[in-house]
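K.L.:
Please find target-v7.cif (mmCIF, N, CA and C atoms) on the next line:
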```
data_structure
loop_
_atom_site.label_atom_id
_atom_site.label_comp_id
_atom_site.auth_asym_id
_atom_site.auth_seq_id
_atom_site.Cartn_x
_atom_site.Cartn_y
_atom_site.Cartn_z
N MET A 161 128.00 115.39 75.04
CA MET A 161 129.27 114.86 75.48
C MET A 161 129.74 113.86 74.43
N GLN A 162 130.99 114.00 74.04
CA GLN A 162 131.56 113.05 73.09
C GLN A 162 132.78 112.43 73.74
N ILE A 163 132.77 111.12 73.81
CA ILE A 163 133.87 110.36 74.38
C ILE A 163 134.40 109.45 73.29
N VAL A 164 135.70 109.46 73.08
CA VAL A 164 136.29 108.59 72.08
C VAL A 164 137.30 107.68 72.76
N GLN A 165 137.09 106.40 72.60
CA GLN A 165 138.01 105.39 73.10
C GLN A 165 138.54 104.65 71.87
N THR A 166 139.83 104.50 71.75
CA THR A 166 140.39 103.80 70.61
C THR A 166 141.45 102.82 71.06
N GLY A 167 141.74 101.89 70.20
CA GLY A 167 142.83 100.95 70.46
C GLY A 167 142.34 99.56 70.75
N ILE A 168 143.26 98.64 70.65
CA ILE A 168 142.95 97.23 70.91
C ILE A 168 142.48 97.08 72.35
N GLY A 169 141.34 96.40 72.51
CA GLY A 169 140.80 96.15 73.84
C GLY A 169 140.01 97.29 74.44
N SER A 170 139.80 98.38 73.69
CA SER A 170 139.09 99.53 74.26
C SER A 170 137.63 99.21 74.57
N ILE A 171 137.09 98.13 73.98
CA ILE A 171 135.71 97.73 74.30
C ILE A 171 135.61 97.37 75.79
N GLY A 172 136.73 97.02 76.38
CA GLY A 172 136.76 96.71 77.81
C GLY A 172 136.50 97.92 78.69
N ASN A 173 136.52 99.12 78.11
CA ASN A 173 136.25 100.35 78.87
C ASN A 173 134.78 100.73 78.85
N ILE A 174 133.93 99.89 78.31
CA ILE A 174 132.51 100.26 78.16
C ILE A 174 131.86 100.58 79.50
N GLU A 175 132.22 99.88 80.55
CA GLU A 175 131.63 100.17 81.86
C GLU A 175 131.97 101.59 82.31
N LYS A 176 133.20 102.01 82.09
CA LYS A 176 133.60 103.38 82.45
C LYS A 176 132.81 104.39 81.63
N VAL A 177 132.62 104.11 80.36
CA VAL A 177 131.86 105.01 79.49
C VAL A 177 130.41 105.06 79.97
N LEU A 178 129.82 103.91 80.25
CA LEU A 178 128.42 103.87 80.69
C LEU A 178 128.22 104.59 82.01
N ASN A 179 129.24 104.63 82.85
CA ASN A 179 129.13 105.34 84.13
C ASN A 179 128.93 106.84 83.96
N ASN A 180 129.17 107.35 82.76
CA ASN A 180 128.95 108.77 82.48
C ASN A 180 127.47 109.10 82.24
N TYR A 181 126.64 108.08 82.17
CA TYR A 181 125.22 108.26 81.86
C TYR A 181 124.37 107.64 82.97
N ASP A 182 123.32 108.33 83.33
CA ASP A 182 122.38 107.83 84.34
C ASP A 182 121.24 107.13 83.61
N VAL A 183 121.47 105.89 83.19
CA VAL A 183 120.48 105.14 82.41
C VAL A 183 120.36 103.72 82.96
N SER A 184 119.22 103.11 82.67
CA SER A 184 119.04 101.70 83.04
C SER A 184 118.54 100.86 81.86
N ARG A 185 117.96 101.52 80.83
CA ARG A 185 117.39 100.79 79.69
C ARG A 185 118.16 101.12 78.41
N ILE A 186 118.73 100.08 77.82
CA ILE A 186 119.61 100.24 76.66
C ILE A 186 119.04 99.48 75.47
N LEU A 187 119.12 100.11 74.31
CA LEU A 187 118.84 99.41 73.05
C LEU A 187 120.19 99.02 72.46
N LEU A 188 120.38 97.73 72.22
CA LEU A 188 121.61 97.21 71.62
C LEU A 188 121.31 96.87 70.17
N VAL A 189 121.92 97.60 69.25
CA VAL A 189 121.71 97.41 67.82
C VAL A 189 122.95 96.71 67.27
N THR A 190 122.73 95.54 66.64
CA THR A 190 123.86 94.76 66.13
C THR A 190 123.48 94.10 64.81
N GLY A 191 124.48 93.57 64.14
CA GLY A 191 124.23 92.70 63.00
C GLY A 191 123.74 91.35 63.52
N ARG A 192 123.12 90.58 62.66
CA ARG A 192 122.57 89.29 63.09
C ARG A 192 123.65 88.30 63.50
N LYS A 193 124.71 88.20 62.71
CA LYS A 193 125.77 87.22 62.99
C LYS A 193 127.05 87.87 63.48
N SER A 194 127.34 89.07 62.99
CA SER A 194 128.63 89.69 63.28
C SER A 194 128.85 90.01 64.75
N PHE A 195 127.80 90.26 65.49
CA PHE A 195 127.92 90.59 66.91
C PHE A 195 128.59 89.45 67.66
N ASP A 196 128.16 88.24 67.36
CA ASP A 196 128.75 87.08 68.02
C ASP A 196 130.10 86.72 67.40
N SER A 197 130.15 86.67 66.07
CA SER A 197 131.37 86.21 65.40
C SER A 197 132.55 87.18 65.58
N SER A 198 132.28 88.45 65.84
CA SER A 198 133.36 89.42 66.04
C SER A 198 133.95 89.35 67.45
N GLY A 199 133.28 88.64 68.35
CA GLY A 199 133.72 88.58 69.74
C GLY A 199 133.11 89.66 70.61
N ALA A 200 132.34 90.56 70.00
CA ALA A 200 131.75 91.67 70.76
C ALA A 200 130.73 91.19 71.79
N LYS A 201 129.98 90.16 71.45
CA LYS A 201 128.97 89.65 72.39
C LYS A 201 129.64 89.17 73.67
N ALA A 202 130.71 88.42 73.53
CA ALA A 202 131.43 87.92 74.69
C ALA A 202 132.08 89.08 75.47
N ALA A 203 132.61 90.05 74.74
CA ALA A 203 133.29 91.17 75.39
C ALA A 203 132.33 92.09 76.14
N LEU A 204 131.10 92.23 75.66
CA LEU A 204 130.14 93.14 76.29
C LEU A 204 129.25 92.49 77.34
N GLY A 205 129.10 91.18 77.27
CA GLY A 205 128.14 90.48 78.12
C GLY A 205 128.14 90.90 79.57
N ALA A 206 129.26 90.78 80.24
CA ALA A 206 129.32 91.09 81.67
C ALA A 206 129.11 92.58 81.94
N SER A 207 129.54 93.42 81.02
CA SER A 207 129.43 94.87 81.21
C SER A 207 127.99 95.36 81.17
N LEU A 208 127.11 94.61 80.52
CA LEU A 208 125.71 95.03 80.38
C LEU A 208 124.76 94.32 81.34
N ARG A 209 125.30 93.49 82.20
CA ARG A 209 124.46 92.65 83.07
C ARG A 209 123.55 93.46 84.01
N ASP A 210 123.94 94.66 84.37
CA ASP A 210 123.14 95.46 85.31
C ASP A 210 122.13 96.37 84.63
N TYR A 211 121.96 96.21 83.32
CA TYR A 211 121.04 97.04 82.54
C TYR A 211 119.93 96.19 81.95
N LYS A 212 118.80 96.83 81.69
CA LYS A 212 117.74 96.17 80.93
C LYS A 212 118.06 96.42 79.46
N VAL A 213 118.50 95.37 78.78
CA VAL A 213 118.95 95.50 77.41
C VAL A 213 117.92 94.91 76.46
N THR A 214 117.52 95.70 75.48
CA THR A 214 116.66 95.25 74.40
C THR A 214 117.54 95.15 73.16
N HIS A 215 117.56 93.98 72.55
CA HIS A 215 118.45 93.72 71.41
C HIS A 215 117.65 93.85 70.11
N PHE A 216 118.19 94.60 69.15
CA PHE A 216 117.56 94.76 67.84
C PHE A 216 118.56 94.40 66.76
N ASP A 217 118.24 93.36 66.00
CA ASP A 217 119.08 92.95 64.86
C ASP A 217 118.22 92.52 63.67
N ASP A 218 116.95 92.91 63.69
CA ASP A 218 115.99 92.47 62.67
C ASP A 218 115.98 93.43 61.48
N PHE A 219 117.12 93.52 60.80
CA PHE A 219 117.22 94.38 59.63
C PHE A 219 118.34 93.86 58.74
N ASP A 220 118.28 94.27 57.48
CA ASP A 220 119.29 93.87 56.50
C ASP A 220 120.32 94.97 56.34
N ILE A 221 121.40 94.65 55.63
CA ILE A 221 122.36 95.70 55.31
C ILE A 221 121.67 96.71 54.41
N ASN A 222 122.24 97.88 54.31
CA ASN A 222 121.62 98.99 53.59
C ASN A 222 120.27 99.30 54.22
N PRO A 223 120.27 100.00 55.36
CA PRO A 223 119.08 100.21 56.19
C PRO A 223 117.86 100.72 55.41
N LYS A 224 116.77 100.05 55.63
CA LYS A 224 115.50 100.42 55.01
C LYS A 224 114.63 101.16 56.03
N LEU A 225 113.85 102.10 55.54
CA LEU A 225 113.03 102.92 56.43
C LEU A 225 112.09 102.07 57.26
N ASN A 226 111.48 101.05 56.66
CA ASN A 226 110.56 100.20 57.43
C ASN A 226 111.26 99.48 58.57
N ASP A 227 112.51 99.07 58.36
CA ASP A 227 113.27 98.43 59.43
C ASP A 227 113.60 99.44 60.53
N ALA A 228 113.94 100.66 60.14
CA ALA A 228 114.23 101.70 61.12
C ALA A 228 112.98 102.01 61.96
N LYS A 229 111.81 102.00 61.32
CA LYS A 229 110.56 102.21 62.06
C LYS A 229 110.36 101.09 63.08
N LYS A 230 110.63 99.83 62.67
CA LYS A 230 110.51 98.70 63.61
C LYS A 230 111.43 98.90 64.81
N GLY A 231 112.65 99.32 64.53
CA GLY A 231 113.60 99.56 65.61
C GLY A 231 113.15 100.69 66.53
N ALA A 232 112.64 101.76 65.95
CA ALA A 232 112.17 102.89 66.76
C ALA A 232 110.96 102.49 67.60
N GLU A 233 110.05 101.72 67.03
CA GLU A 233 108.88 101.25 67.78
C GLU A 233 109.32 100.39 68.96
N LEU A 234 110.31 99.53 68.76
CA LEU A 234 110.84 98.70 69.83
C LEU A 234 111.48 99.57 70.91
N ALA A 235 112.23 100.58 70.49
CA ALA A 235 112.88 101.49 71.44
C ALA A 235 111.83 102.25 72.26
N ILE A 236 110.79 102.73 71.60
CA ILE A 236 109.73 103.46 72.29
C ILE A 236 109.00 102.54 73.27
N LYS A 237 108.65 101.35 72.81
CA LYS A 237 107.95 100.38 73.66
C LYS A 237 108.73 100.08 74.94
N ASN A 238 110.05 100.05 74.83
CA ASN A 238 110.90 99.71 75.98
C ASN A 238 111.48 100.94 76.67
N ALA A 239 111.05 102.12 76.26
CA ALA A 239 111.48 103.39 76.87
C ALA A 239 112.99 103.45 77.05
N ILE A 240 113.72 103.13 75.97
CA ILE A 240 115.17 103.10 76.07
C ILE A 240 115.72 104.49 76.35
N GLU A 241 116.87 104.52 76.99
CA GLU A 241 117.51 105.77 77.38
C GLU A 241 118.87 105.97 76.72
N LEU A 242 119.39 104.92 76.09
CA LEU A 242 120.70 104.98 75.47
C LEU A 242 120.76 103.89 74.42
N VAL A 243 121.50 104.13 73.34
CA VAL A 243 121.67 103.15 72.28
C VAL A 243 123.14 102.77 72.21
N ILE A 244 123.40 101.48 72.17
CA ILE A 244 124.74 100.98 71.88
C ILE A 244 124.63 100.23 70.56
N CYS A 245 125.48 100.58 69.61
CA CYS A 245 125.50 99.85 68.35
C CYS A 245 126.88 99.25 68.14
N VAL A 246 126.87 98.00 67.70
CA VAL A 246 128.12 97.27 67.49
C VAL A 246 128.07 96.67 66.11
N GLY A 247 128.94 97.14 65.22
CA GLY A 247 128.94 96.59 63.87
C GLY A 247 129.55 97.55 62.88
N GLY A 248 129.22 97.33 61.62
CA GLY A 248 129.72 98.15 60.54
C GLY A 248 128.80 99.32 60.25
N GLY A 249 128.95 99.89 59.06
CA GLY A 249 128.22 101.09 58.69
C GLY A 249 126.71 100.95 58.73
N SER A 250 126.18 99.81 58.26
CA SER A 250 124.72 99.63 58.26
C SER A 250 124.16 99.59 59.68
N VAL A 251 124.88 98.95 60.58
CA VAL A 251 124.44 98.87 61.98
C VAL A 251 124.47 100.26 62.62
N ILE A 252 125.53 100.98 62.39
CA ILE A 252 125.66 102.31 62.98
C ILE A 252 124.62 103.26 62.38
N ASP A 253 124.39 103.16 61.07
CA ASP A 253 123.34 103.96 60.45
C ASP A 253 121.97 103.63 61.05
N MET A 254 121.70 102.34 61.27
CA MET A 254 120.42 101.94 61.85
C MET A 254 120.23 102.56 63.23
N ALA A 255 121.26 102.57 64.03
CA ALA A 255 121.17 103.18 65.37
C ALA A 255 120.86 104.67 65.26
N LYS A 256 121.51 105.36 64.34
CA LYS A 256 121.25 106.79 64.13
C LYS A 256 119.81 107.01 63.67
N LEU A 257 119.33 106.14 62.79
CA LEU A 257 117.95 106.27 62.30
C LEU A 257 116.94 106.04 63.41
N ILE A 258 117.18 105.05 64.24
CA ILE A 258 116.28 104.77 65.36
C ILE A 258 116.21 105.98 66.29
N LYS A 259 117.36 106.57 66.57
CA LYS A 259 117.36 107.77 67.41
C LYS A 259 116.58 108.90 66.75
N ALA A 260 116.80 109.10 65.45
CA ALA A 260 116.10 110.17 64.73
C ALA A 260 114.59 109.97 64.73
N LEU A 261 114.15 108.72 64.67
CA LEU A 261 112.71 108.43 64.62
C LEU A 261 112.07 108.34 66.00
N TYR A 262 112.85 108.21 67.03
CA TYR A 262 112.33 107.98 68.38
C TYR A 262 111.26 109.00 68.77
N ALA A 263 111.51 110.26 68.55
CA ALA A 263 110.54 111.31 68.91
C ALA A 263 109.78 111.82 67.69
N ASN A 264 109.95 111.14 66.56
CA ASN A 264 109.40 111.63 65.30
C ASN A 264 108.80 110.52 64.45
N ILE A 265 108.44 109.40 65.03
CA ILE A 265 108.09 108.22 64.24
C ILE A 265 106.89 108.46 63.32
N SER A 266 105.98 109.31 63.71
CA SER A 266 104.81 109.57 62.86
C SER A 266 105.19 110.35 61.59
N LYS A 267 106.38 110.93 61.59
CA LYS A 267 106.84 111.71 60.44
C LYS A 267 108.00 111.03 59.73
N ALA A 268 108.11 109.72 59.88
CA ALA A 268 109.28 108.99 59.37
C ALA A 268 109.54 109.22 57.89
N ASP A 269 108.51 109.15 57.07
CA ASP A 269 108.71 109.31 55.63
C ASP A 269 109.21 110.71 55.28
N SER A 270 108.61 111.73 55.85
CA SER A 270 109.04 113.09 55.52
C SER A 270 110.41 113.41 56.13
N LEU A 271 110.73 112.79 57.26
CA LEU A 271 112.08 112.97 57.83
C LEU A 271 113.13 112.37 56.91
N ALA A 272 112.87 111.15 56.43
CA ALA A 272 113.82 110.47 55.57
C ALA A 272 114.05 111.23 54.26
N LYS A 273 113.05 111.95 53.82
CA LYS A 273 113.17 112.72 52.58
C LYS A 273 113.68 114.14 52.82
N GLY A 274 113.97 114.46 54.08
CA GLY A 274 114.49 115.78 54.41
C GLY A 274 113.46 116.88 54.39
N LEU A 275 112.18 116.53 54.50
CA LEU A 275 111.09 117.52 54.43
C LEU A 275 110.67 118.03 55.81
N THR A 276 111.13 117.35 56.87
CA THR A 276 110.76 117.69 58.23
C THR A 276 112.02 117.73 59.08
N ASP A 277 112.08 118.68 59.99
CA ASP A 277 113.22 118.74 60.91
C ASP A 277 113.09 117.66 61.98
N ILE A 278 114.22 117.15 62.40
CA ILE A 278 114.27 116.12 63.44
C ILE A 278 114.20 116.78 64.80
N ILE A 279 113.41 116.21 65.68
CA ILE A 279 113.38 116.62 67.08
C ILE A 279 114.33 115.67 67.81
N ASP A 280 115.38 116.21 68.41
CA ASP A 280 116.40 115.38 69.07
C ASP A 280 115.85 114.86 70.39
N PRO A 281 115.76 113.53 70.54
CA PRO A 281 115.25 112.96 71.79
C PRO A 281 116.30 112.94 72.90
N SER A 282 117.49 113.45 72.62
CA SER A 282 118.59 113.49 73.61
C SER A 282 118.94 112.12 74.15
N ILE A 283 118.94 111.14 73.28
CA ILE A 283 119.34 109.79 73.65
C ILE A 283 120.77 109.60 73.15
N PRO A 284 121.70 109.32 74.05
CA PRO A 284 123.08 109.12 73.60
C PRO A 284 123.24 107.84 72.80
N ILE A 285 124.19 107.86 71.89
CA ILE A 285 124.56 106.66 71.13
C ILE A 285 126.02 106.35 71.41
N ILE A 286 126.28 105.12 71.75
CA ILE A 286 127.65 104.63 71.87
C ILE A 286 127.87 103.71 70.68
N ALA A 287 128.78 104.09 69.81
CA ALA A 287 129.05 103.31 68.59
C ALA A 287 130.35 102.55 68.76
N ILE A 288 130.28 101.24 68.50
CA ILE A 288 131.46 100.38 68.57
C ILE A 288 131.62 99.76 67.19
N PRO A 289 132.43 100.41 66.33
CA PRO A 289 132.62 99.88 64.97
C PRO A 289 133.46 98.60 64.99
N THR A 290 133.06 97.64 64.18
CA THR A 290 133.80 96.38 64.10
C THR A 290 134.59 96.29 62.81
N THR A 291 134.61 97.36 62.06
CA THR A 291 135.36 97.39 60.81
C THR A 291 136.17 98.67 60.75
N ALA A 292 137.22 98.64 59.97
CA ALA A 292 137.99 99.86 59.73
C ALA A 292 137.46 100.45 58.43
N GLY A 293 137.15 101.72 58.46
CA GLY A 293 136.58 102.33 57.27
C GLY A 293 137.03 103.77 57.13
N SER A 294 136.24 104.52 56.44
CA SER A 294 136.58 105.91 56.14
C SER A 294 136.36 106.85 57.32
N GLY A 295 135.64 106.40 58.31
CA GLY A 295 135.31 107.26 59.44
C GLY A 295 133.96 107.91 59.27
N SER A 296 133.26 107.62 58.18
CA SER A 296 131.95 108.24 57.95
C SER A 296 130.96 107.82 59.04
N GLU A 297 131.24 106.72 59.73
CA GLU A 297 130.36 106.26 60.80
C GLU A 297 130.29 107.28 61.94
N SER A 298 131.31 108.11 62.07
CA SER A 298 131.36 109.05 63.19
C SER A 298 130.63 110.37 62.91
N THR A 299 130.05 110.51 61.75
CA THR A 299 129.30 111.72 61.43
C THR A 299 127.86 111.60 61.91
N HIS A 300 127.11 112.68 61.80
CA HIS A 300 125.70 112.66 62.19
C HIS A 300 124.81 112.20 61.04
N PHE A 301 125.39 111.90 59.90
CA PHE A 301 124.60 111.46 58.74
C PHE A 301 124.33 109.97 58.81
N ALA A 302 123.20 109.55 58.21
CA ALA A 302 122.86 108.13 58.09
C ALA A 302 122.23 107.91 56.74
N VAL A 303 122.45 106.74 56.20
CA VAL A 303 121.85 106.35 54.92
C VAL A 303 120.60 105.53 55.21
N VAL A 304 119.52 105.82 54.48
CA VAL A 304 118.28 105.03 54.61
C VAL A 304 117.69 104.85 53.22
N TYR A 305 117.18 103.65 52.98
CA TYR A 305 116.57 103.34 51.70
C TYR A 305 115.05 103.28 51.85
N ILE A 306 114.36 103.87 50.92
CA ILE A 306 112.91 103.85 50.90
C ILE A 306 112.46 103.02 49.72
N GLY A 307 111.67 101.99 49.99
CA GLY A 307 111.20 101.12 48.91
C GLY A 307 112.18 100.05 48.55
#
```
Could you render the structure as structure tokens?

P.N.:
Amino acid sequence: MQIVQTGIGSIGNIEKVLNNYDVSRILLVTGRKSFDSSGAKAALGASLRDYKVTHFDDFDINPKLNDAKKGAELAIKNAIELVICVGGGSVIDMAKLIKALYANISKADSLAKGLTDIIDPSIPIIAIPTTAGSGSESTHFAVVYIG
């Protein structure tokens, strides 16, 4: 299922979007500072109150494989059922990488190099971009750096 909400204030529709999914455990992937400074934290706070939210922001821009592994391990430990990412390209890429590694973490290196097929864990991602860009964030591709 693909749902697209656009326009000023569309983040206020997050509760309606979340009602389309039968989940209780969410992984929230954000930038360290941008989540708060963009106003997204304040805008999402009340909408996420009824969920068990695990927050992951322990990574740098230009996603590194080791950081993606940390995120996937956190997601697995908390048995997350849905990912919400709020931020720019690096944040959205990190969310995609965490999903890709969720059911494949033992094969992380070969997955990143394209040597192994990804097993889809069927975890939805809700992406809330905080920047205007080329739209590459909406593709299934993600950038990851090794080393």

K.L.:
Would you translate the PyMOL selection byres ((chain A and resi 251) around 8) into the concrete set of residues it matches in this file, as a PyMOL selection string?

P.N.:
chain A and resi 189-191+220-223+244-250+252-257

K.L.:
Find the distance between atom C of Lys201 in chain A and atom N of Tyr262 in chain A and write it in Å to one decimal.

P.N.:
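Between atom C of Lys201 in chain A and atom N of Tyr262 in chain A the gap is 26.2 Å.
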
K.L.:
Which residues, written as a compact mmCIF listing (two decimals) with N, CA and C atoms, in the frame of the given file, have at least one atom at most 7 Å from Gly307 in chain A, with only N, CA and C atoms counted and residues fewer than 4 positions away on the same chain left out?

P.N.:
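around-v5.txt written:
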```
# COMPACT_ATOMS: atom_id res chain seq x y z
N LYS A 224 116.77 100.05 55.63
CA LYS A 224 115.50 100.42 55.01
C LYS A 224 114.63 101.16 56.03
N LEU A 225 113.85 102.10 55.54
CA LEU A 225 113.03 102.92 56.43
C LEU A 225 112.09 102.07 57.26
N ASN A 226 111.48 101.05 56.66
CA ASN A 226 110.56 100.20 57.43
C ASN A 226 111.26 99.48 58.57
```

K.L.:
Evaluating the PyMOL selection byres ((chain A and resi 265-279) around 8) on the displayed file yields which residues, as a list in words?

P.N.:
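Given this file, the PyMOL selection byres ((chain A and resi 265-279) around 8) evaluates to Leu225, Lys229, Ala232, Glu233, Lys259, Ala260, Leu261, Tyr262, Ala263, Asn264, Asp280, Pro281, Ser282 and Val304 of chain A.
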
K.L.:
Write a file of the selected residues as a PDB file, in the frame of the given file, keeping N, CA and C atoms.

P.N.:
```
ATOM      1  N   LEU A 225     113.850 102.100  55.540  1.00  0.00           N
ATOM      2  CA  LEU A 225     113.030 102.920  56.430  1.00  0.00           C
ATOM      3  C   LEU A 225     112.090 102.070  57.260  1.00  0.00           C
ATOM      4  N   LYS A 229     111.810 102.000  61.320  1.00  0.00           N
ATOM      5  CA  LYS A 229     110.560 102.210  62.060  1.00  0.00           C
ATOM      6  C   LYS A 229     110.360 101.090  63.080  1.00  0.00           C
ATOM      7  N   ALA A 232     112.640 101.760  65.950  1.00  0.00           N
ATOM      8  CA  ALA A 232     112.170 102.890  66.760  1.00  0.00           C
ATOM      9  C   ALA A 232     110.960 102.490  67.600  1.00  0.00           C
ATOM     10  N   GLU A 233     110.050 101.720  67.030  1.00  0.00           N
ATOM     11  CA  GLU A 233     108.880 101.250  67.780  1.00  0.00           C
ATOM     12  C   GLU A 233     109.320 100.390  68.960  1.00  0.00           C
ATOM     13  N   LYS A 259     117.360 106.570  66.570  1.00  0.00           N
ATOM     14  CA  LYS A 259     117.360 107.770  67.410  1.00  0.00           C
ATOM     15  C   LYS A 259     116.580 108.900  66.750  1.00  0.00           C
ATOM     16  N   ALA A 260     116.800 109.100  65.450  1.00  0.00           N
ATOM     17  CA  ALA A 260     116.100 110.170  64.730  1.00  0.00           C
ATOM     18  C   ALA A 260     114.590 109.970  64.730  1.00  0.00           C
ATOM     19  N   LEU A 261     114.150 108.720  64.670  1.00  0.00           N
ATOM     20  CA  LEU A 261     112.710 108.430  64.620  1.00  0.00           C
ATOM     21  C   LEU A 261     112.070 108.340  66.000  1.00  0.00           C
ATOM     22  N   TYR A 262     112.850 108.210  67.030  1.00  0.00           N
ATOM     23  CA  TYR A 262     112.330 107.980  68.380  1.00  0.00           C
ATOM     24  C   TYR A 262     111.260 109.000  68.770  1.00  0.00           C
ATOM     25  N   ALA A 263     111.510 110.260  68.550  1.00  0.00           N
ATOM     26  CA  ALA A 263     110.540 111.310  68.910  1.00  0.00           C
ATOM     27  C   ALA A 263     109.780 111.820  67.690  1.00  0.00           C
ATOM     28  N   ASN A 264     109.950 111.140  66.560  1.00  0.00           N
ATOM     29  CA  ASN A 264     109.400 111.630  65.300  1.00  0.00           C
ATOM     30  C   ASN A 264     108.800 110.520  64.450  1.00  0.00           C
ATOM     31  N   ASP A 280     115.380 116.210  68.410  1.00  0.00           N
ATOM     32  CA  ASP A 280     116.400 115.380  69.070  1.00  0.00           C
ATOM     33  C   ASP A 280     115.850 114.860  70.390  1.00  0.00           C
ATOM     34  N   PRO A 281     115.760 113.530  70.540  1.00  0.00           N
ATOM     35  CA  PRO A 281     115.250 112.960  71.790  1.00  0.00           C
ATOM     36  C   PRO A 281     116.300 112.940  72.900  1.00  0.00           C
ATOM     37  N   SER A 282     117.490 113.450  72.620  1.00  0.00           N
ATOM     38  CA  SER A 282     118.590 113.490  73.610  1.00  0.00           C
ATOM     39  C   SER A 282     118.940 112.120  74.150  1.00  0.00           C
ATOM     40  N   VAL A 304     119.520 105.820  54.480  1.00  0.00           N
ATOM     41  CA  VAL A 304     118.280 105.030  54.610  1.00  0.00           C
ATOM     42  C   VAL A 304     117.690 104.850  53.220  1.00  0.00           C
TER      43      VAL A 304
END
```

K.L.:
Give me, please, the distance in Å between CA of Gly167 in chain A and CA of Pro289 in chain A, quoted to one decimal.

P.N.:
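About the pair CA of Gly167 in chain A and CA of Pro289 in chain A: they are 11.6 Å apart.
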
K.L.:
Kindly indicate which residue among A:Arg185, A:Ala202, A:Ser197, A:Phe219 lies nearest to Ile236 in chain A, using only C-alpha atoms for the distances.

P.N.:
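The closest residue to Ile236 in chain A is A:Arg185.
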
K.L.:
Could you tell me, as a ChimeraX atom specification, which residues of range 175-283 of chain A DSSP assigns to strand (DSSP E) when given the backbone?

P.N.:
/A:185-190,212-216,242-247

K.L.:
What do you get, as a PyMOL selection string, if you spell out every residue that the PyMOL selection byres (((chain A and resi 238 and name CA) around 9) and name CA) selects here?

P.N.:
chain A and resi 185-187+214+233-237+239-240

K.L.:
Could you check how far atom N of Ala206 in chain A sits from atom C of Val177 in chain A, in Å to one decimal?

P.N.:
14.3 Å

K.L.:
Range 187-252 of chain A: which residues are alpha helix (DSSP H) by DSSP, as a ChimeraX atom specification?

P.N.:
/A:194-197,200-205,225-237,249-252

K.L.:
Taking (131.0, 101.3, 80.7) in the file's coordinates as the center, which residues reach within 12 Å of it, counting only C-alpha atoms, put as a list in words?

P.N.:
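Output of the proximity query reads Ile163, Gln165, Ser170, Ile171, Gly172, Asn173, Ile174, Glu175, Lys176, Val177, Leu178, Asn179, Asn180, Tyr181, Asp182, Val183, Ala203, Leu204, Gly205, Ala206, Ser207, Leu208, Arg209, Asp210, Tyr211, Ile244 and Ile286 of chain A.
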
K.L.:
For range 179-183 of chain A, supply all heavy atoms and format the output as an mmCIF file, keeping the file's coordinate frame.

P.N.:
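Heads up, here's the output in selection-v1.cif:
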```
data_model
loop_
_atom_site.group_PDB
_atom_site.id
_atom_site.type_symbol
_atom_site.label_atom_id
_atom_site.label_comp_id
_atom_site.auth_asym_id
_atom_site.auth_seq_id
_atom_site.Cartn_x
_atom_site.Cartn_y
_atom_site.Cartn_z
ATOM 1 N N ASN A 179 129.240 104.630 82.850
ATOM 2 C CA ASN A 179 129.130 105.340 84.130
ATOM 3 C C ASN A 179 128.930 106.840 83.960
ATOM 4 O O ASN A 179 128.538 107.525 84.896
ATOM 5 C CB ASN A 179 130.361 105.066 85.001
ATOM 6 C CG ASN A 179 130.339 103.681 85.598
ATOM 7 O OD1 ASN A 179 129.285 103.071 85.753
ATOM 8 N ND2 ASN A 179 131.513 103.161 85.911
ATOM 9 N N ASN A 180 129.170 107.350 82.760
ATOM 10 C CA ASN A 180 128.950 108.770 82.480
ATOM 11 C C ASN A 180 127.470 109.100 82.240
ATOM 12 O O ASN A 180 127.120 110.271 82.102
ATOM 13 C CB ASN A 180 129.756 109.214 81.256
ATOM 14 C CG ASN A 180 131.238 109.246 81.542
ATOM 15 O OD1 ASN A 180 131.695 110.063 82.330
ATOM 16 N ND2 ASN A 180 131.981 108.342 80.926
ATOM 17 N N TYR A 181 126.640 108.080 82.170
ATOM 18 C CA TYR A 181 125.220 108.260 81.860
ATOM 19 C C TYR A 181 124.370 107.640 82.970
ATOM 20 O O TYR A 181 124.661 106.561 83.451
ATOM 21 C CB TYR A 181 124.875 107.592 80.527
ATOM 22 C CG TYR A 181 125.709 108.092 79.375
ATOM 23 C CD1 TYR A 181 126.822 107.386 78.936
ATOM 24 C CD2 TYR A 181 125.392 109.291 78.737
ATOM 25 C CE1 TYR A 181 127.602 107.855 77.888
ATOM 26 C CE2 TYR A 181 126.164 109.763 77.688
ATOM 27 C CZ TYR A 181 127.265 109.039 77.272
ATOM 28 O OH TYR A 181 128.036 109.501 76.239
ATOM 29 N N ASP A 182 123.320 108.330 83.330
ATOM 30 C CA ASP A 182 122.380 107.830 84.340
ATOM 31 C C ASP A 182 121.240 107.130 83.610
ATOM 32 O O ASP A 182 120.175 107.717 83.404
ATOM 33 C CB ASP A 182 121.871 108.980 85.198
ATOM 34 C CG ASP A 182 120.955 108.514 86.312
ATOM 35 O OD1 ASP A 182 121.050 107.333 86.718
ATOM 36 O OD2 ASP A 182 120.129 109.323 86.777
ATOM 37 N N VAL A 183 121.470 105.890 83.190
ATOM 38 C CA VAL A 183 120.480 105.140 82.410
ATOM 39 C C VAL A 183 120.360 103.720 82.960
ATOM 40 O O VAL A 183 121.279 103.209 83.602
ATOM 41 C CB VAL A 183 120.854 105.075 80.914
ATOM 42 C CG1 VAL A 183 120.928 106.466 80.311
ATOM 43 C CG2 VAL A 183 122.153 104.329 80.691
#
```
